[in-house]
$ cat model15.txt   # compact mmCIF, C-alpha atoms
# COMPACT_ATOMS: atom_id res chain seq x y z
CA MET A 1 282.54 -25.61 147.64
CA ILE A 2 282.23 -21.83 148.00
CA GLN A 3 278.59 -22.28 148.95
CA ARG A 4 279.53 -24.70 151.72
CA ILE A 5 282.10 -22.30 153.09
CA THR A 6 279.68 -19.37 153.04
CA SER A 7 276.95 -21.39 154.76
CA ARG A 8 279.41 -22.43 157.43
CA LEU A 9 280.48 -18.83 157.81
CA ILE A 10 276.87 -17.80 158.27
CA VAL A 11 276.37 -20.45 160.96
CA LEU A 12 279.52 -19.28 162.70
CA LEU A 13 278.42 -15.67 162.45
CA LEU A 14 275.00 -16.46 163.88
CA THR A 15 276.56 -18.45 166.73
CA VAL A 16 278.85 -15.59 167.62
CA LEU A 17 275.94 -13.14 167.37
CA PHE A 18 273.72 -15.13 169.71
CA MET A 19 276.56 -15.73 172.12
CA GLY A 20 276.74 -11.98 172.24
CA THR A 21 273.12 -11.57 173.24
CA ALA A 22 273.27 -14.40 175.73
CA TYR A 23 276.33 -13.22 177.62
CA GLY A 24 276.50 -9.54 176.73
CA VAL A 25 274.06 -8.45 179.44
CA ILE A 26 276.77 -8.81 182.06
CA ASP A 27 280.38 -7.84 181.54
CA SER A 28 282.20 -10.12 179.19
CA TYR A 29 284.52 -11.72 181.71
CA GLU A 30 286.23 -14.98 181.08
CA PHE A 31 286.64 -17.53 183.80
CA SER A 32 289.02 -20.44 183.90
CA THR A 33 286.52 -22.73 185.64
CA PRO A 34 282.73 -22.77 186.10
CA GLU A 35 283.39 -22.89 189.84
CA GLN A 36 285.27 -19.60 189.58
CA GLU A 37 282.41 -18.07 187.65
CA GLN A 38 280.00 -19.23 190.35
CA ARG A 39 282.17 -17.60 193.01
CA PHE A 40 282.27 -14.38 190.97
CA PHE A 41 278.49 -14.19 190.99
CA GLU A 42 278.26 -15.05 194.66
CA LEU A 43 280.79 -12.39 195.60
CA THR A 44 279.34 -9.65 193.41
CA ASN A 45 275.95 -10.33 194.98
CA GLU A 46 277.29 -10.20 198.52
CA LEU A 47 279.19 -6.96 198.04
CA ARG A 48 277.28 -3.74 198.25
CA CYS A 49 277.81 -0.88 195.84
CA PRO A 50 279.25 2.05 197.83
CA LYS A 51 277.68 4.66 195.58
CA CYS A 52 274.20 3.29 194.98
CA GLN A 53 273.82 1.96 198.52
CA ASN A 54 270.95 -0.42 198.00
CA GLN A 55 272.28 -2.52 195.18
CA SER A 56 274.96 -5.12 195.07
CA ILE A 57 277.90 -4.46 192.77
CA GLY A 58 276.61 -7.30 190.60
CA ASP A 59 273.30 -5.51 190.31
CA SER A 60 274.35 -1.97 189.67
CA ASN A 61 275.34 -0.16 186.51
CA ALA A 62 277.20 2.59 188.37
CA PRO A 63 280.77 3.03 187.10
CA ILE A 64 282.16 2.27 190.54
CA ALA A 65 280.24 -1.03 190.58
CA GLN A 66 281.73 -1.92 187.20
CA ASP A 67 285.20 -1.12 188.52
CA LEU A 68 284.66 -3.23 191.60
CA ARG A 69 283.39 -6.15 189.49
CA ARG A 70 286.55 -5.84 187.44
CA GLU A 71 288.61 -5.93 190.63
CA VAL A 72 286.76 -9.02 191.87
CA HIS A 73 287.40 -10.71 188.54
CA ARG A 74 291.07 -9.72 188.59
CA LEU A 75 291.52 -11.04 192.14
CA LEU A 76 289.79 -14.33 191.32
CA ASN A 77 291.99 -14.75 188.28
CA GLU A 78 295.01 -14.21 190.47
CA GLY A 79 293.81 -17.15 192.54
CA ALA A 80 292.42 -15.24 195.52
CA ASP A 81 289.95 -16.99 197.78
CA ASN A 82 286.65 -15.37 198.75
CA GLN A 83 287.98 -14.03 202.03
CA THR A 84 290.83 -12.25 200.26
CA VAL A 85 288.39 -10.53 197.93
CA ILE A 86 286.18 -9.48 200.83
CA ASP A 87 289.18 -8.22 202.82
CA PHE A 88 290.29 -6.22 199.78
CA MET A 89 286.92 -4.46 199.67
CA LEU A 90 286.77 -4.00 203.44
CA ALA A 91 290.18 -2.32 203.49
CA ARG A 92 288.94 0.28 201.03
CA TYR A 93 285.26 0.80 201.71
CA GLY A 94 284.80 -0.45 205.26
CA ASP A 95 282.01 -2.57 206.67
CA PHE A 96 279.53 -0.81 204.45
CA VAL A 97 280.37 -2.99 201.44
CA LEU A 98 279.09 -6.11 203.15
CA TYR A 99 275.40 -6.91 202.97
CA LYS A 100 275.87 -9.36 205.79
CA PRO A 101 277.53 -7.55 208.69
CA ARG A 102 280.64 -9.09 210.21
CA LEU A 103 280.53 -10.62 213.65
CA ALA A 104 283.00 -8.13 215.07
CA GLY A 105 283.39 -4.69 216.58
CA ILE A 106 280.37 -2.42 216.66
CA ASN A 107 278.44 -4.96 214.58
CA LEU A 108 278.23 -7.20 217.65
CA VAL A 109 275.43 -4.88 218.74
CA LEU A 110 273.50 -5.92 215.62
CA TRP A 111 274.13 -9.60 216.12
CA LEU A 112 273.82 -9.89 219.88
CA GLY A 113 271.54 -6.94 220.67
CA PRO A 114 268.26 -8.73 219.98
CA LEU A 115 269.45 -11.83 221.86
CA LEU A 116 270.47 -9.67 224.80
CA LEU A 117 267.08 -7.93 224.81
CA LEU A 118 265.35 -11.31 224.73
CA LEU A 119 267.44 -12.50 227.70
CA VAL A 120 266.71 -9.33 229.65
CA GLY A 121 263.01 -9.73 228.89
CA LEU A 122 263.03 -13.36 229.98
CA THR A 123 264.86 -12.62 233.25
CA VAL A 124 262.43 -9.84 234.07
CA LEU A 125 259.54 -12.18 233.31
CA ILE A 126 260.98 -14.96 235.46
CA VAL A 127 261.71 -12.60 238.36
CA VAL A 128 258.23 -11.12 238.21
CA VAL A 129 256.56 -14.53 238.06
CA HIS A 130 258.71 -15.78 240.96
CA LYS A 131 257.89 -12.79 243.13
CA HIS A 132 254.23 -13.19 242.37
CA LYS A 133 254.33 -16.87 243.29
CA ALA A 134 256.25 -16.15 246.49
CA THR A 135 253.69 -13.60 247.71
CA ALA A 136 250.88 -15.93 246.69
CA SER A 137 252.30 -18.86 248.64
CA GLU A 138 253.03 -16.65 251.67
CA SER A 139 249.42 -15.59 251.88
CA ALA A 140 248.04 -19.00 250.96
CA PRO A 141 248.49 -20.77 254.37
CA ALA A 142 247.14 -17.72 256.17
CA ALA A 143 244.01 -17.75 254.12
CA PRO A 144 242.33 -20.96 255.45
CA ASP A 145 242.82 -19.80 259.08
CA GLU A 146 241.28 -16.45 258.37
CA HIS A 147 238.59 -18.18 256.44
CA ASN A 148 237.87 -20.61 259.31
CA ALA A 149 237.82 -17.82 261.85
CA ASP A 150 235.40 -15.90 259.73
CA LYS A 151 233.32 -18.98 259.23
CA GLU A 152 233.17 -19.69 262.94
CA LEU A 153 232.17 -16.11 263.61
CA LEU A 154 229.59 -16.28 260.91
CA ASP A 155 228.26 -19.60 262.20
CA LYS A 156 228.01 -18.18 265.68
CA LYS A 157 226.13 -15.14 264.44
CA LEU A 158 223.90 -17.24 262.27
CA ASN A 159 223.12 -19.58 265.18
CA ARG A 160 222.32 -16.69 267.48
CA PHE A 161 220.13 -15.15 264.83
CA LEU A 162 218.35 -18.38 264.15
CA THR A 163 217.67 -19.10 267.80
CA ASP A 164 216.44 -15.53 268.30
CA TYR A 165 214.28 -15.77 265.22
CA LEU A 166 212.85 -19.07 266.15
CA THR A 167 212.02 -18.09 269.70
CA THR A 168 210.31 -14.85 268.65
CA HIS A 169 208.55 -16.27 265.63
CA SER A 170 207.35 -19.46 267.22
CA SER A 171 205.25 -17.37 269.62
CA GLU A 172 204.00 -15.18 266.74
CA ASP A 173 203.07 -18.28 264.84
CA ASN A 174 201.11 -19.46 267.79
CA LYS A 175 199.27 -16.13 267.90
CA THR A 176 198.27 -16.22 264.25
CA ASP A 177 197.26 -19.83 264.64
CA GLY A 178 195.11 -18.75 267.48
CA LYS A 179 193.37 -16.11 265.32
CA GLU A 180 192.38 -18.51 262.63
CA MET B 1 262.58 5.75 246.64
CA LYS B 2 264.71 3.24 244.77
CA ARG B 3 261.60 1.55 243.52
CA ARG B 4 260.28 4.85 242.22
CA LEU B 5 263.40 5.32 240.19
CA GLN B 6 263.18 1.81 238.82
CA LEU B 7 259.79 2.66 237.40
CA PHE B 8 261.42 5.25 235.15
CA LEU B 9 263.83 2.72 233.66
CA PRO B 10 261.63 1.73 230.68
CA LEU B 11 261.06 5.42 229.89
CA ALA B 12 264.82 6.04 229.99
CA ILE B 13 265.44 3.11 227.62
CA PHE B 14 262.70 4.37 225.31
CA LEU B 15 264.16 7.87 225.21
CA GLY B 16 267.60 6.41 224.56
CA LEU B 17 266.26 4.49 221.57
CA CYS B 18 264.48 7.63 220.33
CA LEU B 19 267.76 9.53 220.44
CA MET B 20 269.55 6.75 218.56
CA PHE B 21 266.93 6.60 215.82
CA TYR B 22 266.80 10.38 215.57
CA VAL B 23 270.54 10.64 215.09
CA ALA B 24 270.57 7.82 212.55
CA LEU B 25 267.62 9.15 210.55
CA PHE B 26 268.51 12.81 210.40
CA ARG B 27 272.22 12.60 209.78
CA GLU B 28 273.35 15.54 207.73
CA ASN B 29 274.66 13.34 204.96
CA PRO B 30 273.22 9.83 205.11
CA GLY B 31 274.87 8.79 201.85
CA GLU B 32 278.32 9.44 203.20
CA LEU B 33 280.51 6.52 204.13
CA PRO B 34 283.12 6.80 206.81
CA SER B 35 286.49 6.22 205.22
CA ALA B 36 288.07 2.87 205.96
CA LEU B 37 291.46 4.45 205.36
CA LEU B 38 291.47 6.99 208.16
CA ASP B 39 294.82 7.04 209.97
CA GLN B 40 296.37 4.79 207.37
CA THR B 41 299.10 5.79 204.98
CA LEU B 42 298.36 6.50 201.35
CA PRO B 43 298.39 3.49 199.04
CA THR B 44 301.42 3.11 196.83
CA PHE B 45 301.08 3.88 193.12
CA GLU B 46 303.07 4.92 190.09
CA LEU B 47 301.09 7.02 187.63
CA PRO B 48 301.69 9.82 185.12
CA THR B 49 300.41 13.35 185.68
CA VAL B 50 297.75 15.03 183.58
CA LYS B 51 300.10 17.66 182.22
CA ASN B 52 303.04 15.39 181.61
CA PRO B 53 302.26 11.82 180.48
CA ASP B 54 305.96 10.93 180.53
CA LYS B 55 306.55 11.91 184.13
CA LYS B 56 305.67 9.29 186.73
CA VAL B 57 304.72 10.31 190.24
CA THR B 58 304.47 8.03 193.26
CA ARG B 59 303.20 8.13 196.80
CA GLU B 60 306.47 9.77 197.87
CA SER B 61 305.81 12.73 195.56
CA LEU B 62 302.96 13.79 197.87
CA LEU B 63 304.87 13.76 201.14
CA GLY B 64 306.60 16.52 203.09
CA GLU B 65 303.73 18.85 203.88
CA VAL B 66 300.24 18.74 205.28
CA ALA B 67 298.18 18.78 202.09
CA LEU B 68 294.83 18.14 200.45
CA ILE B 69 294.24 15.49 197.82
CA ASN B 70 291.27 16.34 195.66
CA VAL B 71 289.63 13.71 193.45
CA TRP B 72 288.15 15.40 190.39
CA ALA B 73 286.99 14.81 186.83
CA THR B 74 285.60 16.88 184.01
CA TRP B 75 282.49 14.68 183.88
CA CYS B 76 281.65 15.63 187.44
CA PRO B 77 279.42 18.74 187.73
CA ALA B 78 280.07 19.13 191.45
CA CYS B 79 283.80 19.32 190.71
CA ARG B 80 283.08 22.28 188.44
CA VAL B 81 281.26 23.93 191.34
CA GLU B 82 284.06 23.51 193.85
CA HIS B 83 286.89 24.31 191.45
CA PRO B 84 286.96 28.13 191.97
CA TYR B 85 287.19 27.61 195.71
CA LEU B 86 290.12 25.23 195.30
CA VAL B 87 291.85 27.90 193.21
CA ASP B 88 291.25 30.33 196.10
CA LEU B 89 292.72 27.89 198.61
CA ALA B 90 295.77 27.27 196.43
CA ASN B 91 296.31 31.02 196.17
CA LYS B 92 296.23 31.17 199.97
CA GLY B 93 299.08 28.69 199.98
CA VAL B 94 297.29 25.44 200.78
CA PRO B 95 299.07 22.56 199.00
CA ILE B 96 296.57 20.62 196.89
CA TYR B 97 297.25 17.55 194.79
CA GLY B 98 294.73 16.39 192.23
CA VAL B 99 293.64 12.90 191.33
CA ASN B 100 292.07 13.11 187.90
CA TYR B 101 289.68 10.20 188.21
CA LYS B 102 288.71 8.18 185.12
CA ASP B 103 288.78 11.17 182.85
CA ASP B 104 289.46 12.11 179.26
CA GLN B 105 292.97 13.57 179.25
CA PRO B 106 292.62 16.32 176.56
CA GLU B 107 289.43 17.46 178.33
CA ALA B 108 291.22 17.50 181.68
CA ARG B 109 294.09 19.55 180.29
CA LYS B 110 291.63 22.00 178.74
CA TRP B 111 289.82 22.29 182.09
CA LEU B 112 293.02 23.16 183.94
CA LYS B 113 294.00 25.67 181.28
CA THR B 114 290.69 27.55 181.15
CA LEU B 115 289.64 27.32 184.81
CA HIS B 116 293.13 27.74 186.35
CA ASP B 117 295.07 24.94 187.96
CA PRO B 118 294.96 24.85 191.75
CA TYR B 119 296.96 21.62 191.95
CA ARG B 120 300.67 21.07 192.53
CA PHE B 121 300.04 18.37 189.95
CA SER B 122 297.15 16.12 189.01
CA ILE B 123 297.70 12.38 188.97
CA ASN B 124 296.19 10.77 185.90
CA ASP B 125 294.14 7.89 187.32
CA LYS B 126 292.68 6.81 184.01
CA SER B 127 291.69 3.30 185.11
CA GLY B 128 290.46 4.38 188.53
CA SER B 129 292.77 1.93 190.28
CA LEU B 130 294.22 4.55 192.63
CA GLY B 131 290.64 5.62 193.25
CA ILE B 132 289.72 2.12 194.35
CA ASP B 133 292.78 1.91 196.59
CA LEU B 134 291.74 5.21 198.17
CA GLY B 135 288.17 4.01 198.65
CA VAL B 136 286.79 6.64 196.26
CA TYR B 137 283.17 6.01 195.31
CA GLY B 138 282.38 9.22 193.51
CA ALA B 139 283.83 12.62 192.81
CA PRO B 140 284.57 15.04 194.30
CA GLU B 141 286.24 13.65 197.38
CA THR B 142 288.93 15.46 199.32
CA TYR B 143 291.49 13.86 201.61
CA LEU B 144 293.57 15.61 204.21
CA ILE B 145 297.01 14.04 204.62
CA ASP B 146 299.83 14.86 206.98
CA HIS B 147 303.47 15.31 205.96
CA GLN B 148 304.07 11.56 206.14
CA GLY B 149 301.17 10.71 203.90
CA VAL B 150 298.82 9.47 206.60
CA ILE B 151 295.18 10.11 205.72
CA ARG B 152 293.72 12.15 208.56
CA TYR B 153 290.34 13.19 207.21
CA LYS B 154 288.08 12.69 204.24
CA HIS B 155 285.39 14.97 202.95
CA VAL B 156 282.86 13.64 200.45
CA GLY B 157 281.28 16.25 198.22
CA ILE B 158 281.97 19.86 197.38
CA VAL B 159 284.58 21.82 199.31
CA ASP B 160 283.32 25.36 199.83
CA ALA B 161 284.00 28.15 202.29
CA ASN B 162 281.76 26.51 204.89
CA VAL B 163 283.35 23.08 204.65
CA TRP B 164 286.83 24.59 204.72
CA LYS B 165 286.12 26.78 207.74
CA ASN B 166 284.31 24.15 209.79
CA ASP B 167 285.75 20.79 208.79
CA LEU B 168 289.01 21.08 206.94
CA GLU B 169 290.81 24.19 208.14
CA PRO B 170 290.81 23.41 211.89
CA ARG B 171 292.25 19.96 211.20
CA PHE B 172 294.67 21.35 208.63
CA ARG B 173 296.01 23.98 211.05
CA HIS B 174 296.17 21.49 213.88
CA LEU B 175 298.24 19.07 211.80
CA GLN B 176 300.54 21.85 210.62
CA LYS B 177 301.14 22.81 214.24
CA GLN B 178 301.92 19.21 215.16
CA VAL B 179 304.37 18.89 212.29
CA ARG B 180 306.12 22.14 213.17
CA GLN B 181 306.41 21.03 216.78
CA ALA B 182 307.77 17.64 215.80
CA GLN B 183 310.31 19.26 213.51
CA ALA B 184 311.36 21.70 216.24
CA ASN B 185 311.82 18.81 218.65
CA ASN B 186 313.92 16.99 216.10
CA ARG B 187 316.15 20.00 215.59
CA GLU B 188 316.59 20.35 219.34
CA GLY B 189 317.45 16.69 219.58
CA GLU B 190 320.03 17.04 216.84
CA ALA B 191 321.52 20.16 218.44
CA LYS B 192 322.00 18.28 221.70
$ encode --input "model15.txt" --output "structure tokens"
Amino acid sequence: MIQRITSRLIVLLLTVLFMGTAYGVIDSYEFSTPEQEQRFFELTNELRCPKCQNQSIGDSNAPIAQDLRREVHRLLNEGADNQTVIDFMLARYGDFVLYKPRLAGINLVLWLGPLLLLLVGLTVLIVVVHKHKATASESAPAAPDEHNADKELLDKKLNRFLTDYLTTHSSEDNKTDGKE
Amino acid sequence: MKRRLQLFLPLAIFLGLCLMFYVALFRENPGELPSALLDQTLPTFELPTVKNPDKKVTRESLLGEVALINVWATWCPACRVEHPYLVDLANKGVPIYGVNYKDDQPEARKWLKTLHDPYRFSINDKSGSLGIDLGVYGAPETYLIDHQGVIRYKHVGIVDANVWKNDLEPRFRHLQKQVRQAQANNREGEAK
């Protein structure tokens, strides 16, 4: 009887011990639902530690990060939704606590800046291409005329040259023929 | 001529970007966050003081004068550095309230006894909850409040002669002037 109780006690002790190692890495918070626990981890990963700057509060061991985790847990337990928690942090630490910047105020530059630059680039490209095409098509109809005129001139010159050449050379040919 | 100027547009944009990056990269204090509480009133609280655990002070205990609120702790080496200067300021008549942030109380009392106490009183913020409401993320931090408890400026880090002269004192004096003017106007209004 005593043996059974002691063995059960040992099992219980071991269970408690291993629970400790499994969950002791993070703060020992209790959550009423698994869904709430999930939200806690999401939120603490989204919120940035104001002191350590490149870690989330879920990631950091800084005392301020611990305090903020405690606050997140407290708010969740009080039934706050995610937005309430985020607003709570924003009111105290400003936009800096968010890893994902809000779509408001000065942050619009971050969100819309690249899009705006792309649009400006595209308009410039389109305008340049259009202008280029316009000048190309303006000069295009003029080109065949010029070309024809040149060709006629060239033909004339070539004809004159040929006739001259033939007249002079035909007599020369006759001379050489005569020599042989 | 207009076309000429247009050619310089990309250069102008480039220089603008350079300026932006330069300013962002070589800020004097890149770790410093702008306070989200500027121009907002102090959060409400009810906490004991360091010297008297039975006495509770509230937000209202800090009102009435333009004053400094200095967040300090014995575990904070920078607080040790700025402490003599705070004593100087208090001797000059600047009202300073302390927020003893997440500290060991006997240690804090010893500190005030041996190093002199520049504070009107120090609020015992053992849990750091007032600190969180103030947006404190480290010590020391010093807030400048007006007589109605509106936060007008926040300095992160040590307060020394330089910081006081360049950042805090001009704002402090300016606020004091405003308050005096407002009070004079009130008196005039009442007299009429």
$ interface_residues --input "model15.txt" --of "chain A" --to "chain B" --cutoff "8 Å" --atoms "only C-alpha atoms" --output "VMD selection string"
chain A and resid 50 to 51 53 64 67 to 68 90 to 94 96
$ atom_distance --input "model15.txt" --atom1 "CA of Ile145 in chain B" --atom2 "CA of Ala184 in chain B"
20.0 Å
$ atom_distance --input "model15.txt" --atom1 "CA of Phe31 in chain A" --atom2 "CA of Ser60 in chain A"
20.7 Å
$ atom_distance --input "model15.txt" --atom1 "CA of Trp72 in chain B" --atom2 "CA of Pro43 in chain B"
17.9 Å
$ residues_around --input "model15.txt" --residues "Gln55 in chain A" --least-positions-apart "6" --cutoff "12 Å" --atoms "all atoms listed in the file" --output "VMD selection string"
chain A and resid 44 to 49 61 to 62 64 to 65 96 to 99
$ closest_residue --input "model15.txt" --among "B:Cys76, B:Leu130, B:Leu68, B:Val150" --to "Pro118 in chain B" --atoms "all atoms listed in the file"
B:Leu68
$ closest_residue --input "model15.txt" --among "A:Leu75, A:Thr167, A:Lys100, A:Phe40" --to "Gly58 in chain A" --atoms "all atoms listed in the file"
A:Phe40
$ residues_around --input "model15.txt" --residues "Thr41 in chain B" --least-positions-apart "3" --cutoff "12 Å" --atoms "all atoms listed in the file" --output "MDAnalysis selection string"
chainID B and resid 36:38 44 59:60 62:63 133:134 143:153
